[in-house]
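J.: Contents of my_file-v2.csv (CSV, N, CA and C atoms):
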chain,number,residue,atom,x,y,z
A,1,MET,N,0.9,-1.2,0.0
A,1,MET,CA,0.0,0.0,0.0
A,1,MET,C,0.9,1.2,0.0
A,2,ALA,N,0.6,2.1,-0.9
A,2,ALA,CA,1.4,3.4,-1.0
A,2,ALA,C,1.0,4.3,0.2
A,3,ALA,N,2.0,5.1,0.6
A,3,ALA,CA,1.7,6.1,1.6
A,3,ALA,C,0.7,7.1,1.2
A,4,TYR,N,0.8,7.5,-0.1
A,4,TYR,CA,-0.1,8.6,-0.6
A,4,TYR,C,-0.9,8.1,-1.8
A,5,GLU,N,-2.2,7.8,-1.5
A,5,GLU,CA,-3.0,7.2,-2.6
A,5,GLU,C,-4.5,7.5,-2.3
A,6,PHE,N,-5.1,8.0,-3.3
A,6,PHE,CA,-6.6,8.0,-3.3
A,6,PHE,C,-7.1,7.1,-4.4
A,7,SER,N,-8.2,6.3,-4.1
A,7,SER,CA,-8.8,5.6,-5.2
A,7,SER,C,-10.1,6.3,-5.6
A,8,VAL,N,-10.4,6.3,-6.8
A,8,VAL,CA,-11.6,7.1,-7.3
A,8,VAL,C,-12.5,6.1,-8.1
A,9,SER,N,-13.8,6.1,-7.8
A,9,SER,CA,-14.8,5.4,-8.5
A,9,SER,C,-15.9,6.3,-9.0
A,10,VAL,N,-16.5,6.0,-10.1
A,10,VAL,CA,-17.5,6.8,-10.7
A,10,VAL,C,-18.8,6.1,-11.1
A,11,LYS,N,-19.9,6.7,-10.9
A,11,LYS,CA,-21.2,6.2,-11.4
A,11,LYS,C,-21.8,7.4,-12.3
A,12,THR,N,-22.3,7.1,-13.4
A,12,THR,CA,-22.9,8.1,-14.3
A,12,THR,C,-24.4,7.9,-14.5
A,13,GLN,N,-25.0,9.0,-14.9
A,13,GLN,CA,-26.4,9.0,-15.2
A,13,GLN,C,-26.8,10.0,-16.2
A,14,TYR,N,-27.6,9.7,-17.2
A,14,TYR,CA,-28.1,10.6,-18.2
A,14,TYR,C,-29.3,11.3,-17.6
A,15,LEU,N,-29.3,12.7,-17.6
A,15,LEU,CA,-30.4,13.4,-17.1
A,15,LEU,C,-31.4,13.9,-18.2
A,16,GLU,N,-32.3,13.0,-18.5
A,16,GLU,CA,-33.2,13.2,-19.6
A,16,GLU,C,-34.0,14.5,-19.5
A,17,GLU,N,-34.5,14.8,-18.2
A,17,GLU,CA,-35.3,15.9,-18.0
A,17,GLU,C,-34.6,17.3,-18.1
A,18,GLN,N,-33.3,17.3,-18.0
A,18,GLN,CA,-32.5,18.5,-18.2
A,18,GLN,C,-31.9,18.6,-19.6
A,19,SER,N,-32.0,17.6,-20.4
A,19,SER,CA,-31.4,17.6,-21.7
A,19,SER,C,-32.4,18.1,-22.8
A,20,GLU,N,-31.8,18.6,-23.9
A,20,GLU,CA,-32.6,19.0,-25.1
A,20,GLU,C,-31.9,18.4,-26.3
A,21,PRO,N,-32.1,17.1,-26.6
A,21,PRO,CA,-31.4,16.5,-27.7
A,21,PRO,C,-31.5,17.2,-29.0
A,22,ASP,N,-32.7,17.8,-29.3
A,22,ASP,CA,-32.9,18.5,-30.6
A,22,ASP,C,-32.1,19.8,-30.6
A,23,ARG,N,-31.6,20.2,-29.5
A,23,ARG,CA,-30.7,21.4,-29.5
A,23,ARG,C,-29.3,21.1,-29.3
A,24,GLY,N,-29.0,19.8,-29.3
A,24,GLY,CA,-27.6,19.3,-29.1
A,24,GLY,C,-27.1,19.6,-27.7
A,25,ASN,N,-28.0,19.3,-26.7
A,25,ASN,CA,-27.6,19.5,-25.3
A,25,ASN,C,-28.0,18.2,-24.5
A,26,PHE,N,-26.9,17.5,-24.1
A,26,PHE,CA,-27.1,16.2,-23.4
A,26,PHE,C,-26.5,16.4,-22.1
A,27,VAL,N,-27.3,16.3,-21.0
A,27,VAL,CA,-26.8,16.5,-19.6
A,27,VAL,C,-26.6,15.2,-18.9
A,28,PHE,N,-25.4,15.1,-18.2
A,28,PHE,CA,-25.1,13.9,-17.5
A,28,PHE,C,-24.7,14.3,-16.1
A,29,ALA,N,-25.1,13.4,-15.1
A,29,ALA,CA,-24.6,13.6,-13.8
A,29,ALA,C,-23.6,12.5,-13.5
A,30,TYR,N,-22.6,12.8,-12.6
A,30,TYR,CA,-21.7,11.7,-12.2
A,30,TYR,C,-21.5,11.8,-10.7
A,31,THR,N,-21.5,10.7,-10.1
A,31,THR,CA,-21.2,10.6,-8.7
A,31,THR,C,-19.8,10.0,-8.5
A,32,ILE,N,-19.0,10.7,-7.8
A,32,ILE,CA,-17.6,10.3,-7.6
A,32,ILE,C,-17.4,9.9,-6.1
A,33,THR,N,-16.8,8.8,-5.9
A,33,THR,CA,-16.4,8.4,-4.6
A,33,THR,C,-14.8,8.4,-4.5
A,34,ILE,N,-14.3,9.2,-3.6
A,34,ILE,CA,-12.8,9.3,-3.5
A,34,ILE,C,-12.5,8.7,-2.1
A,35,LYS,N,-11.6,7.7,-2.1
A,35,LYS,CA,-11.3,7.1,-0.8
A,35,LYS,C,-9.8,7.2,-0.6
A,36,ASN,N,-9.4,7.6,0.6
A,36,ASN,CA,-8.0,7.6,0.9
A,36,ASN,C,-7.5,6.2,1.3
A,37,THR,N,-6.9,5.6,0.3
A,37,THR,CA,-6.4,4.2,0.4
A,37,THR,C,-4.9,4.2,0.8
A,38,GLY,N,-4.4,5.4,1.1
A,38,GLY,CA,-3.0,5.5,1.5
A,38,GLY,C,-2.8,5.4,3.1
A,39,LYS,N,-1.6,5.7,3.5
A,39,LYS,CA,-1.3,5.6,5.0
A,39,LYS,C,-1.3,6.9,5.7
A,40,VAL,N,-1.5,8.0,4.9
A,40,VAL,CA,-1.3,9.4,5.5
A,40,VAL,C,-2.6,10.2,5.2
A,41,ALA,N,-3.1,11.0,6.2
A,41,ALA,CA,-4.2,11.9,5.9
A,41,ALA,C,-3.8,12.8,4.8
A,42,ALA,N,-4.7,13.1,3.9
A,42,ALA,CA,-4.4,14.0,2.8
A,42,ALA,C,-5.7,14.8,2.4
A,43,GLN,N,-5.4,16.0,1.8
A,43,GLN,CA,-6.5,16.9,1.4
A,43,GLN,C,-6.5,17.0,-0.1
A,44,LEU,N,-7.7,17.0,-0.7
A,44,LEU,CA,-7.9,17.2,-2.1
A,44,LEU,C,-7.9,18.8,-2.3
A,45,ILE,N,-7.0,19.3,-3.1
A,45,ILE,CA,-6.9,20.7,-3.2
A,45,ILE,C,-7.6,21.2,-4.5
A,46,SER,N,-7.3,20.5,-5.6
A,46,SER,CA,-7.9,21.0,-6.9
A,46,SER,C,-8.1,19.8,-7.8
A,47,ARG,N,-8.8,20.2,-8.9
A,47,ARG,CA,-9.2,19.1,-9.9
A,47,ARG,C,-8.8,19.6,-11.3
A,48,HIS,N,-8.6,18.7,-12.2
A,48,HIS,CA,-8.3,18.9,-13.6
A,48,HIS,C,-9.1,17.9,-14.4
A,49,TRP,N,-10.1,18.3,-15.2
A,49,TRP,CA,-10.8,17.4,-16.0
A,49,TRP,C,-10.5,17.6,-17.5
A,50,THR,N,-10.6,16.5,-18.2
A,50,THR,CA,-10.6,16.5,-19.7
A,50,THR,C,-11.9,15.9,-20.1
A,51,ILE,N,-12.7,16.6,-20.8
A,51,ILE,CA,-14.0,16.2,-21.2
A,51,ILE,C,-14.0,16.2,-22.8
A,52,VAL,N,-14.4,15.0,-23.4
A,52,VAL,CA,-14.3,14.9,-24.8
A,52,VAL,C,-15.7,14.4,-25.3
A,53,ASP,N,-16.3,15.1,-26.3
A,53,ASP,CA,-17.5,14.6,-26.8
A,53,ASP,C,-17.3,13.7,-28.1
A,54,ALA,N,-18.4,13.2,-28.7
A,54,ALA,CA,-18.3,12.3,-29.8
A,54,ALA,C,-17.7,12.9,-31.0
A,55,ASN,N,-17.7,14.3,-31.1
A,55,ASN,CA,-17.0,15.0,-32.2
A,55,ASN,C,-15.6,15.3,-31.9
A,56,ASN,N,-15.0,14.7,-30.9
A,56,ASN,CA,-13.6,14.9,-30.4
A,56,ASN,C,-13.4,16.4,-30.0
A,57,ARG,N,-14.5,17.1,-29.6
A,57,ARG,CA,-14.3,18.4,-29.0
A,57,ARG,C,-13.8,18.3,-27.6
A,58,VAL,N,-12.7,18.9,-27.2
A,58,VAL,CA,-12.1,18.7,-25.9
A,58,VAL,C,-12.3,19.9,-25.1
A,59,GLU,N,-12.7,19.7,-23.9
A,59,GLU,CA,-12.9,20.8,-22.9
A,59,GLU,C,-12.0,20.5,-21.7
A,60,GLU,N,-11.2,21.4,-21.3
A,60,GLU,CA,-10.4,21.2,-20.1
A,60,GLU,C,-11.0,22.1,-19.0
A,61,VAL,N,-11.2,21.5,-17.8
A,61,VAL,CA,-11.7,22.2,-16.7
A,61,VAL,C,-10.8,22.1,-15.5
A,62,ARG,N,-10.4,23.2,-14.9
A,62,ARG,CA,-9.6,23.2,-13.7
A,62,ARG,C,-10.2,24.0,-12.7
A,63,GLY,N,-10.0,23.7,-11.4
A,63,GLY,CA,-10.6,24.5,-10.4
A,63,GLY,C,-10.2,24.0,-9.0
A,64,LEU,N,-10.5,24.8,-8.0
A,64,LEU,CA,-10.2,24.4,-6.6
A,64,LEU,C,-11.2,23.5,-6.1
A,65,GLY,N,-10.8,22.5,-5.4
A,65,GLY,CA,-11.8,21.6,-4.7
A,65,GLY,C,-12.7,20.9,-5.6
A,66,VAL,N,-13.8,20.3,-5.0
A,66,VAL,CA,-14.9,19.7,-5.7
A,66,VAL,C,-16.2,20.1,-5.0
A,67,VAL,N,-17.1,20.5,-5.8
A,67,VAL,CA,-18.4,21.1,-5.3
A,67,VAL,C,-18.3,21.9,-4.1
A,68,GLY,N,-17.3,22.8,-4.1
A,68,GLY,CA,-17.1,23.8,-3.0
A,68,GLY,C,-16.4,23.2,-1.8
A,69,HIS,N,-15.8,22.0,-1.9
A,69,HIS,CA,-15.1,21.4,-0.8
A,69,HIS,C,-13.7,21.1,-1.1
A,70,GLN,N,-12.9,21.1,-0.1
A,70,GLN,CA,-11.5,20.6,-0.2
A,70,GLN,C,-11.3,19.6,0.9
A,71,PRO,N,-11.9,18.4,0.7
A,71,PRO,CA,-12.0,17.4,1.8
A,71,PRO,C,-10.7,16.9,2.3
A,72,LEU,N,-10.5,16.9,3.6
A,72,LEU,CA,-9.4,16.3,4.2
A,72,LEU,C,-9.8,14.9,4.7
A,73,MET,N,-9.1,13.9,4.2
A,73,MET,CA,-9.5,12.5,4.5
A,73,MET,C,-8.4,11.7,5.2
A,74,GLN,N,-8.8,11.2,6.3
A,74,GLN,CA,-7.9,10.3,7.1
A,74,GLN,C,-7.8,9.0,6.3
A,75,PRO,N,-6.7,8.2,6.5
A,75,PRO,CA,-6.6,6.9,5.8
A,75,PRO,C,-7.9,6.1,6.1
A,76,GLY,N,-8.5,5.5,5.0
A,76,GLY,CA,-9.7,4.7,5.1
A,76,GLY,C,-11.0,5.6,4.9
A,77,GLU,N,-10.9,6.9,5.1
A,77,GLU,CA,-12.1,7.7,4.9
A,77,GLU,C,-12.4,8.0,3.4
A,78,GLN,N,-13.6,8.3,3.2
A,78,GLN,CA,-14.0,8.6,1.8
A,78,GLN,C,-14.9,9.8,1.7
A,79,PHE,N,-15.0,10.4,0.5
A,79,PHE,CA,-15.8,11.6,0.3
A,79,PHE,C,-16.5,11.3,-1.0
A,80,GLU,N,-17.8,11.6,-1.0
A,80,GLU,CA,-18.6,11.3,-2.2
A,80,GLU,C,-19.3,12.6,-2.6
A,81,TYR,N,-19.4,12.9,-3.9
A,81,TYR,CA,-20.1,14.1,-4.4
A,81,TYR,C,-20.7,13.8,-5.7
A,82,THR,N,-21.7,14.6,-6.1
A,82,THR,CA,-22.3,14.5,-7.4
A,82,THR,C,-22.2,15.8,-8.1
A,83,SER,N,-21.8,15.7,-9.4
A,83,SER,CA,-21.7,16.9,-10.2
A,83,SER,C,-22.3,16.6,-11.6
A,84,GLY,N,-22.1,17.5,-12.5
A,84,GLY,CA,-22.6,17.2,-13.9
A,84,GLY,C,-21.9,17.9,-14.9
A,85,THR,N,-22.2,17.5,-16.2
A,85,THR,CA,-21.6,18.2,-17.3
A,85,THR,C,-22.6,18.1,-18.5
A,86,ALA,N,-22.5,19.0,-19.4
A,86,ALA,CA,-23.4,18.9,-20.6
A,86,ALA,C,-22.5,18.7,-21.8
A,87,LEU,N,-22.9,17.8,-22.7
A,87,LEU,CA,-22.2,17.6,-24.0
A,87,LEU,C,-23.1,18.0,-25.2
A,88,ALA,N,-22.5,18.2,-26.3
A,88,ALA,CA,-23.2,18.5,-27.5
A,88,ALA,C,-23.6,17.3,-28.3
A,89,THR,N,-23.1,16.1,-27.8
A,89,THR,CA,-23.4,14.8,-28.5
A,89,THR,C,-23.9,13.8,-27.4
A,90,PRO,N,-24.6,12.8,-27.9
A,90,PRO,CA,-25.1,11.8,-26.9
A,90,PRO,C,-24.1,10.9,-26.2
A,91,GLN,N,-22.9,11.0,-26.6
A,91,GLN,CA,-21.8,10.2,-26.0
A,91,GLN,C,-20.6,11.1,-25.8
A,92,GLY,N,-19.8,10.7,-24.8
A,92,GLY,CA,-18.5,11.4,-24.6
A,92,GLY,C,-17.8,10.7,-23.5
A,93,SER,N,-16.7,11.3,-23.0
A,93,SER,CA,-16.0,10.7,-21.9
A,93,SER,C,-15.3,11.8,-21.1
A,94,MET,N,-15.0,11.4,-19.9
A,94,MET,CA,-14.3,12.3,-19.0
A,94,MET,C,-13.1,11.5,-18.3
A,95,LYS,N,-12.1,12.2,-18.0
A,95,LYS,CA,-11.0,11.7,-17.2
A,95,LYS,C,-10.3,12.9,-16.5
A,96,GLY,N,-9.5,12.6,-15.5
A,96,GLY,CA,-8.8,13.7,-14.9
A,96,GLY,C,-7.9,13.3,-13.8
A,97,THR,N,-7.5,14.3,-13.0
A,97,THR,CA,-6.7,14.1,-11.8
A,97,THR,C,-7.1,15.1,-10.7
A,98,TYR,N,-6.9,14.6,-9.5
A,98,TYR,CA,-7.1,15.5,-8.3
A,98,TYR,C,-5.7,15.8,-7.8
A,99,PHE,N,-5.4,17.0,-7.5
A,99,PHE,CA,-4.1,17.4,-6.9
A,99,PHE,C,-4.3,17.4,-5.4
A,100,CYS,N,-3.5,16.7,-4.7
A,100,CYS,CA,-3.7,16.5,-3.3
A,100,CYS,C,-2.4,16.8,-2.5
A,101,VAL,N,-2.6,17.2,-1.2
A,101,VAL,CA,-1.5,17.4,-0.3
A,101,VAL,C,-1.7,16.6,0.9
A,102,ALA,N,-0.7,15.8,1.3
A,102,ALA,CA,-0.7,15.0,2.5
A,102,ALA,C,-0.4,15.9,3.7
A,103,GLU,N,-0.8,15.4,4.9
A,103,GLU,CA,-0.6,16.1,6.1
A,103,GLU,C,0.9,16.4,6.4
A,104,ASP,N,1.8,15.6,5.8
A,104,ASP,CA,3.2,15.8,6.0
A,104,ASP,C,3.8,16.7,4.9
A,105,GLY,N,2.9,17.3,4.1
A,105,GLY,CA,3.4,18.2,3.1
A,105,GLY,C,3.7,17.6,1.7
A,106,GLU,N,3.7,16.3,1.6
A,106,GLU,CA,3.9,15.6,0.4
A,106,GLU,C,2.8,15.9,-0.6
A,107,GLN,N,3.1,16.2,-1.9
A,107,GLN,CA,2.1,16.5,-2.9
A,107,GLN,C,2.0,15.3,-3.8
A,108,PHE,N,0.8,15.0,-4.2
A,108,PHE,CA,0.6,13.8,-5.2
A,108,PHE,C,-0.7,14.1,-6.0
A,109,GLU,N,-0.8,13.3,-7.0
A,109,GLU,CA,-2.0,13.4,-7.9
A,109,GLU,C,-2.7,12.1,-7.8
A,110,ALA,N,-4.1,12.2,-7.7
A,110,ALA,CA,-4.9,11.0,-7.8
A,110,ALA,C,-5.5,10.9,-9.1
A,111,VAL,N,-5.4,9.8,-9.8
A,111,VAL,CA,-5.9,9.7,-11.2
A,111,VAL,C,-7.4,9.4,-11.2
A,112,ILE,N,-8.2,10.1,-12.0
A,112,ILE,CA,-9.6,9.8,-12.2
A,112,ILE,C,-9.7,9.0,-13.4
A,113,PRO,N,-9.9,7.7,-13.4
A,113,PRO,CA,-9.9,6.9,-14.6
A,113,PRO,C,-11.0,7.3,-15.6
A,114,GLU,N,-10.7,7.2,-16.9
A,114,GLU,CA,-11.6,7.6,-17.9
A,114,GLU,C,-13.0,6.9,-17.7
A,115,PHE,N,-14.1,7.6,-17.8
A,115,PHE,CA,-15.4,7.0,-17.8
A,115,PHE,C,-16.2,7.5,-19.0
A,116,ILE,N,-17.2,6.7,-19.4
A,116,ILE,CA,-18.0,7.1,-20.5
A,116,ILE,C,-19.3,7.7,-20.1
A,117,LEU,N,-19.7,8.7,-20.8
A,117,LEU,CA,-21.0,9.3,-20.7
A,117,LEU,C,-21.8,8.9,-21.9
A,118,SER,N,-23.0,8.3,-21.7
A,118,SER,CA,-23.7,7.8,-22.9
A,118,SER,C,-25.2,7.7,-22.5
A,119,LEU,N,-26.0,8.0,-23.5
A,119,LEU,CA,-27.4,7.8,-23.3
A,119,LEU,C,-27.7,6.3,-23.1
A,120,PRO,N,-28.7,6.0,-22.2
A,120,PRO,CA,-29.0,4.6,-22.1
A,120,PRO,C,-29.6,4.0,-23.4
A,121,ARG,N,-29.3,2.8,-23.7
A,121,ARG,CA,-29.9,2.1,-24.9
A,121,ARG,C,-31.4,2.0,-24.7
A,122,THR,N,-32.1,2.4,-25.7
A,122,THR,CA,-33.6,2.2,-25.6
A,122,THR,C,-34.1,1.3,-26.7
A,123,LEU,N,-35.1,0.6,-26.5
A,123,LEU,CA,-35.7,-0.3,-27.5
A,123,LEU,C,-36.9,0.4,-28.1
A,124,HIS,N,-37.0,0.2,-29.4
A,124,HIS,CA,-38.2,0.9,-30.1
A,124,HIS,C,-39.2,-0.2,-30.5
Show me this structure written as structure tokens.
T.:
Amino acid sequence: MAAYEFSVSVKTQYLEEQSEPDRGNFVFAYTITIKNTGKVAAQLISRHWTIVDANNRVEEVRGLGVVGHQPLMQPGEQFEYTSGTALATPQGSMKGTYFCVAEDGEQFEAVIPEFILSLPRTLH
């Protein structure tokens, strides 16, 4: 087990009621669970996202914290939040990193594995 490590898992959901497909607006929610799987307490300071739609349009998003928080997590603790994004296409993907600082001053990045945003398959 690494001293400095966060694991990240993601669940996604298409928000049909907020989307306007005929206007090229597809809204997705994602719930992220961040767990401190390391040996040292650490704080999530900032985030960097790369969002890509089906037309290969890339959007980079950087900012402090997540949903207004910079959670400090002890080893074994986790933090969960839900956020969202809008795409111009019915499919896309997101990936990124969290910049973190451990209690002892060590800096590290937690990788957010790529995940797919996609409309649910419907039968006609």
J.: For Glu109 of chain A, work out the shell of residues within 9 Å, counting only C-alpha atoms and skipping chain neighbours fewer than 2 positions away, then give it as a PyMOL selection string.
T.: chain A and resi 4-6+97-101+107+111
J.: Segment 65-113 of chain A: which residues are strand (DSSP E) by DSSP, as JSON, numbers by chain?
T.: {"A": [72, 73, 78, 79, 80, 81, 82, 83, 84, 85, 86, 87, 91, 92, 93, 94, 95, 96, 97, 98, 99, 100, 101, 102, 107, 108, 109, 110, 111, 112, 113]}
J.: For Thr31 of chain A, which residue out of A:Val10, A:Leu87, A:Ala102, A:Ile45 is the nearest one, using all atoms listed in the file?
T.: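 Nearest to Thr31 of chain A: A:Val10.
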J.: Dig up all the protein and nucleic acid residues within 7 Å of (-7.1, 5.3, 5.3) in the file frame, using only N, CA and C atoms, and format them as JSON, numbers by chain.
T.: {"A": [35, 36, 37, 38, 39, 40, 73, 74, 75, 76, 77]}
J.: At a cut-off of 9 Å from (-31.4, 14.9, -18.3) in the coordinates of the file, what residues are picked up using only C-alpha atoms, written as a VMD selection string?
T.: chain A and resid 13 to 20 26 to 29
J.: Ranking A:Ala88, A:Ala3, A:Leu44, A:Val52 by minimum distance to Gly68 of chain A and counting only C-alpha atoms, which one comes first?
T.: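 Checking each of A:Ala88, A:Ala3, A:Leu44, A:Val52 against Gly68 of chain A, counting only C-alpha atoms, the winner is A:Leu44.
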J.: In Å, with one decimal, what is the gap from atom C of Leu64 of chain A to atom CA of Trp49 of chain A?
T.: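 Here the two named atoms are 11.6 Å from each other.
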J.: Quick one: distance from atom N of Leu117 of chain A to atom CA of Pro21 of chain A in Å, one decimal?
T.: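 According to the coordinates, atom N of Leu117 of chain A and atom CA of Pro21 of chain A are separated by 15.7 Å.
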J.: I'd like the interatomic distance between atom CA of Pro71 of chain A and atom CA of Val58 of chain A, to a tenth of an Å.
T.: 27.7 Å
J.: Can you work out which one of A:Gly65, A:Ala42, A:Gly84, A:Glu60 has the shortest atom-to-atom distance to Tyr30 of chain A, counting only N, CA and C atoms?
T.: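 Looking only at the distances to Tyr30 of chain A, the closest residue turns out to be A:Gly84.
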J.: Using DSSP on the backbone coordinates, identify the residues of chain A assigned to helix (DSSP H, G or I); present them as a PDB file with N, CA and C atoms, keeping the file's coordinate frame.
T.:
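Final output, saved to selection-v5.pdb:
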ATOM      1  N   GLU A  16     -32.300  13.000 -18.500  1.00  0.00           N
ATOM      2  CA  GLU A  16     -33.200  13.200 -19.600  1.00  0.00           C
ATOM      3  C   GLU A  16     -34.000  14.500 -19.500  1.00  0.00           C
ATOM      4  N   GLU A  17     -34.500  14.800 -18.200  1.00  0.00           N
ATOM      5  CA  GLU A  17     -35.300  15.900 -18.000  1.00  0.00           C
ATOM      6  C   GLU A  17     -34.600  17.300 -18.100  1.00  0.00           C
ATOM      7  N   GLN A  18     -33.300  17.300 -18.000  1.00  0.00           N
ATOM      8  CA  GLN A  18     -32.500  18.500 -18.200  1.00  0.00           C
ATOM      9  C   GLN A  18     -31.900  18.600 -19.600  1.00  0.00           C
ATOM     10  N   PRO A  21     -32.100  17.100 -26.600  1.00  0.00           N
ATOM     11  CA  PRO A  21     -31.400  16.500 -27.700  1.00  0.00           C
ATOM     12  C   PRO A  21     -31.500  17.200 -29.000  1.00  0.00           C
ATOM     13  N   ASP A  22     -32.700  17.800 -29.300  1.00  0.00           N
ATOM     14  CA  ASP A  22     -32.900  18.500 -30.600  1.00  0.00           C
ATOM     15  C   ASP A  22     -32.100  19.800 -30.600  1.00  0.00           C
ATOM     16  N   ARG A  23     -31.600  20.200 -29.500  1.00  0.00           N
ATOM     17  CA  ARG A  23     -30.700  21.400 -29.500  1.00  0.00           C
ATOM     18  C   ARG A  23     -29.300  21.100 -29.300  1.00  0.00           C
TER      19      ARG A  23
END
J.: When you look at Val61 of chain A with a cut-off of 7 Å (counting only N, CA and C atoms), what residues show up, excluding the ones that are within fewer than 5 positions of it in the same chain? I need them as a list in words.
T.: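 These residues fall inside the cut-off: Arg47, His48, Trp49, Thr50 and Ile51 of chain A.
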